[in-house]
Amino acid sequence: MIDRYVFLAILVALVVTWVPRVLPFVLSKGKSLPPLALRFLRFLPISIIFALTLSSVVDEQVGSFPRFLPIETLALLPTFLVVLKTKNILLAVAVGVAVTAGFRFLSGG
């Protein structure tokens, strides 16, 4: 039987991750947003993707300047080309992972 503490921790984690994702949809259902908010939200997905991409290709350590990771940075080019050509994010992710794995295999690391 699962320990009560573990079960409670899983339940709390579920609520903490689920509520922020679902609550905005529930609260805005049937309501229209102001034009300024809609204009802002149009740029949000690209901002999130850029932030996730940048955090994947930059190595930051306290007390030193951030540096670009060479393999991950090189893998951006074919990934970006796939996105431009196909507009398929799933395919782009698969290409990015495959290219990164190939570069790591070839570099011996």
# chains A, B, ... in the order shown; residues from 1 in each chain; ligands from 1
call {"tool": "residues_around", "arguments": {"residues": "Gly102 in chain A", "least_positions_apart": "4", "cutoff": "12 Å", "atoms": "only C-alpha atoms", "output": "list in words"}}
result
Ile71, Glu72, Leu74, Ala75, Val95, Gly96, Val97, Ala98, Leu106, Ser107, Gly108 and Gly109 of chain A
call {"tool": "residues_around", "arguments": {"residues": "Ala94 in chain A", "least_positions_apart": "6", "cutoff": "12 Å", "atoms": "only C-alpha atoms", "output": "ChimeraX atom specification"}}
result
/A:75,78-80,82-83,88,100-101
call {"tool": "select_by_dssp", "arguments": {"residues": "chain A", "states": "helix (DSSP H, G or I)", "output": "PyMOL selection string"}}
result
chain A and resi 4-28+35-57+70-86+89-107
call {"tool": "write_last_selection", "arguments": {"atoms": "C-alpha atoms", "output": "mmCIF file, in the first residue's frame"}}
result
data_model
loop_
_atom_site.group_PDB
_atom_site.id
_atom_site.type_symbol
_atom_site.label_atom_id
_atom_site.label_comp_id
_atom_site.auth_asym_id
_atom_site.auth_seq_id
_atom_site.Cartn_x
_atom_site.Cartn_y
_atom_site.Cartn_z
ATOM 1 C CA ARG A 4 -0.122 8.365 2.922
ATOM 2 C CA TYR A 5 2.626 10.979 2.699
ATOM 3 C CA VAL A 6 3.615 9.874 -0.802
ATOM 4 C CA PHE A 7 -0.009 9.742 -1.910
ATOM 5 C CA LEU A 8 -0.638 13.239 -0.509
ATOM 6 C CA ALA A 9 2.500 14.570 -2.216
ATOM 7 C CA ILE A 10 1.354 13.143 -5.556
ATOM 8 C CA LEU A 11 -2.110 14.602 -5.070
ATOM 9 C CA VAL A 12 -0.750 18.054 -4.210
ATOM 10 C CA ALA A 13 1.606 17.934 -7.210
ATOM 11 C CA LEU A 14 -1.335 17.041 -9.426
ATOM 12 C CA VAL A 15 -3.386 19.980 -8.192
ATOM 13 C CA VAL A 16 -0.472 22.437 -8.343
ATOM 14 C CA THR A 17 0.310 21.541 -11.954
ATOM 15 C CA TRP A 18 -3.266 21.103 -13.131
ATOM 16 C CA VAL A 19 -4.919 24.239 -11.709
ATOM 17 C CA PRO A 20 -2.715 26.868 -13.432
ATOM 18 C CA ARG A 21 -3.228 25.144 -16.777
ATOM 19 C CA VAL A 22 -6.989 24.691 -16.548
ATOM 20 C CA LEU A 23 -8.151 27.654 -14.469
ATOM 21 C CA PRO A 24 -7.548 30.318 -17.173
ATOM 22 C CA PHE A 25 -9.724 28.365 -19.614
ATOM 23 C CA VAL A 26 -12.486 27.961 -17.063
ATOM 24 C CA LEU A 27 -12.431 31.617 -16.038
ATOM 25 C CA SER A 28 -12.370 32.976 -19.594
ATOM 26 C CA PRO A 35 -7.915 43.758 -28.051
ATOM 27 C CA LEU A 36 -4.721 44.683 -26.189
ATOM 28 C CA ALA A 37 -4.702 41.314 -24.395
ATOM 29 C CA LEU A 38 -5.361 39.462 -27.648
ATOM 30 C CA ARG A 39 -2.499 41.297 -29.365
ATOM 31 C CA PHE A 40 -0.177 40.387 -26.480
ATOM 32 C CA LEU A 41 -1.241 36.728 -26.495
ATOM 33 C CA ARG A 42 -0.474 36.422 -30.225
ATOM 34 C CA PHE A 43 3.248 36.789 -29.409
ATOM 35 C CA LEU A 44 3.266 34.504 -26.381
ATOM 36 C CA PRO A 45 3.846 31.134 -28.120
ATOM 37 C CA ILE A 46 6.857 32.397 -30.078
ATOM 38 C CA SER A 47 8.284 33.948 -26.906
ATOM 39 C CA ILE A 48 7.932 30.682 -25.023
ATOM 40 C CA ILE A 49 9.539 28.670 -27.825
ATOM 41 C CA PHE A 50 12.418 31.165 -28.046
ATOM 42 C CA ALA A 51 12.998 31.037 -24.273
ATOM 43 C CA LEU A 52 12.979 27.224 -24.260
ATOM 44 C CA THR A 53 15.326 27.099 -27.242
ATOM 45 C CA LEU A 54 17.738 29.623 -25.781
ATOM 46 C CA SER A 55 17.850 27.822 -22.454
ATOM 47 C CA SER A 56 18.711 24.612 -24.324
ATOM 48 C CA VAL A 57 21.660 26.027 -26.263
ATOM 49 C CA PRO A 70 28.417 23.963 -29.775
ATOM 50 C CA ILE A 71 26.541 20.743 -30.574
ATOM 51 C CA GLU A 72 23.141 22.086 -29.584
ATOM 52 C CA THR A 73 23.776 25.344 -31.453
ATOM 53 C CA LEU A 74 24.756 23.452 -34.621
ATOM 54 C CA ALA A 75 21.608 21.330 -34.349
ATOM 55 C CA LEU A 76 19.485 24.487 -34.437
ATOM 56 C CA LEU A 77 20.113 25.067 -38.151
ATOM 57 C CA PRO A 78 18.586 21.846 -39.553
ATOM 58 C CA THR A 79 15.809 22.035 -36.962
ATOM 59 C CA PHE A 80 14.977 25.599 -37.951
ATOM 60 C CA LEU A 81 15.030 24.666 -41.650
ATOM 61 C CA VAL A 82 12.537 21.838 -40.994
ATOM 62 C CA VAL A 83 10.227 24.260 -39.177
ATOM 63 C CA LEU A 84 10.394 26.775 -42.021
ATOM 64 C CA LYS A 85 9.788 24.155 -44.706
ATOM 65 C CA THR A 86 7.142 21.940 -43.062
ATOM 66 C CA ILE A 89 6.715 21.170 -34.735
ATOM 67 C CA LEU A 90 6.716 17.434 -33.968
ATOM 68 C CA LEU A 91 8.889 16.714 -37.000
ATOM 69 C CA ALA A 92 11.197 19.601 -36.071
ATOM 70 C CA VAL A 93 11.629 18.245 -32.549
ATOM 71 C CA ALA A 94 12.377 14.776 -33.921
ATOM 72 C CA VAL A 95 14.940 16.218 -36.351
ATOM 73 C CA GLY A 96 16.526 18.310 -33.588
ATOM 74 C CA VAL A 97 16.853 15.312 -31.292
ATOM 75 C CA ALA A 98 18.222 13.103 -34.079
ATOM 76 C CA VAL A 99 20.738 15.701 -35.264
ATOM 77 C CA THR A 100 21.893 16.403 -31.714
ATOM 78 C CA ALA A 101 22.291 12.668 -31.058
ATOM 79 C CA GLY A 102 24.213 12.276 -34.324
ATOM 80 C CA PHE A 103 26.567 15.147 -33.501
ATOM 81 C CA ARG A 104 27.162 13.744 -30.018
ATOM 82 C CA PHE A 105 27.843 10.299 -31.448
ATOM 83 C CA LEU A 106 30.299 11.715 -33.980
ATOM 84 C CA SER A 107 32.066 13.841 -31.376
#
call {"tool": "select_by_dssp", "arguments": {"residues": "chain A", "states": "strand (DSSP E)", "output": "list in words"}}
result
Val58, Asp59, Arg67 and Phe68 of chain A
call {"tool": "write_last_selection", "arguments": {"atoms": "N, CA and C atoms", "output": "compact mmCIF listing (two decimals), in the first residue's frame"}}
result
# COMPACT_ATOMS: atom_id res chain seq x y z
N VAL A 58 22.29 27.43 -24.38
CA VAL A 58 23.20 28.29 -23.60
C VAL A 58 23.49 27.63 -22.26
N ASP A 59 24.77 27.61 -21.90
CA ASP A 59 25.18 27.08 -20.61
C ASP A 59 25.53 28.26 -19.72
N ARG A 67 27.71 30.77 -22.19
CA ARG A 67 28.37 30.33 -23.42
C ARG A 67 27.43 29.42 -24.19
N PHE A 68 27.56 29.48 -25.50
CA PHE A 68 26.73 28.63 -26.35
C PHE A 68 27.32 27.23 -26.39
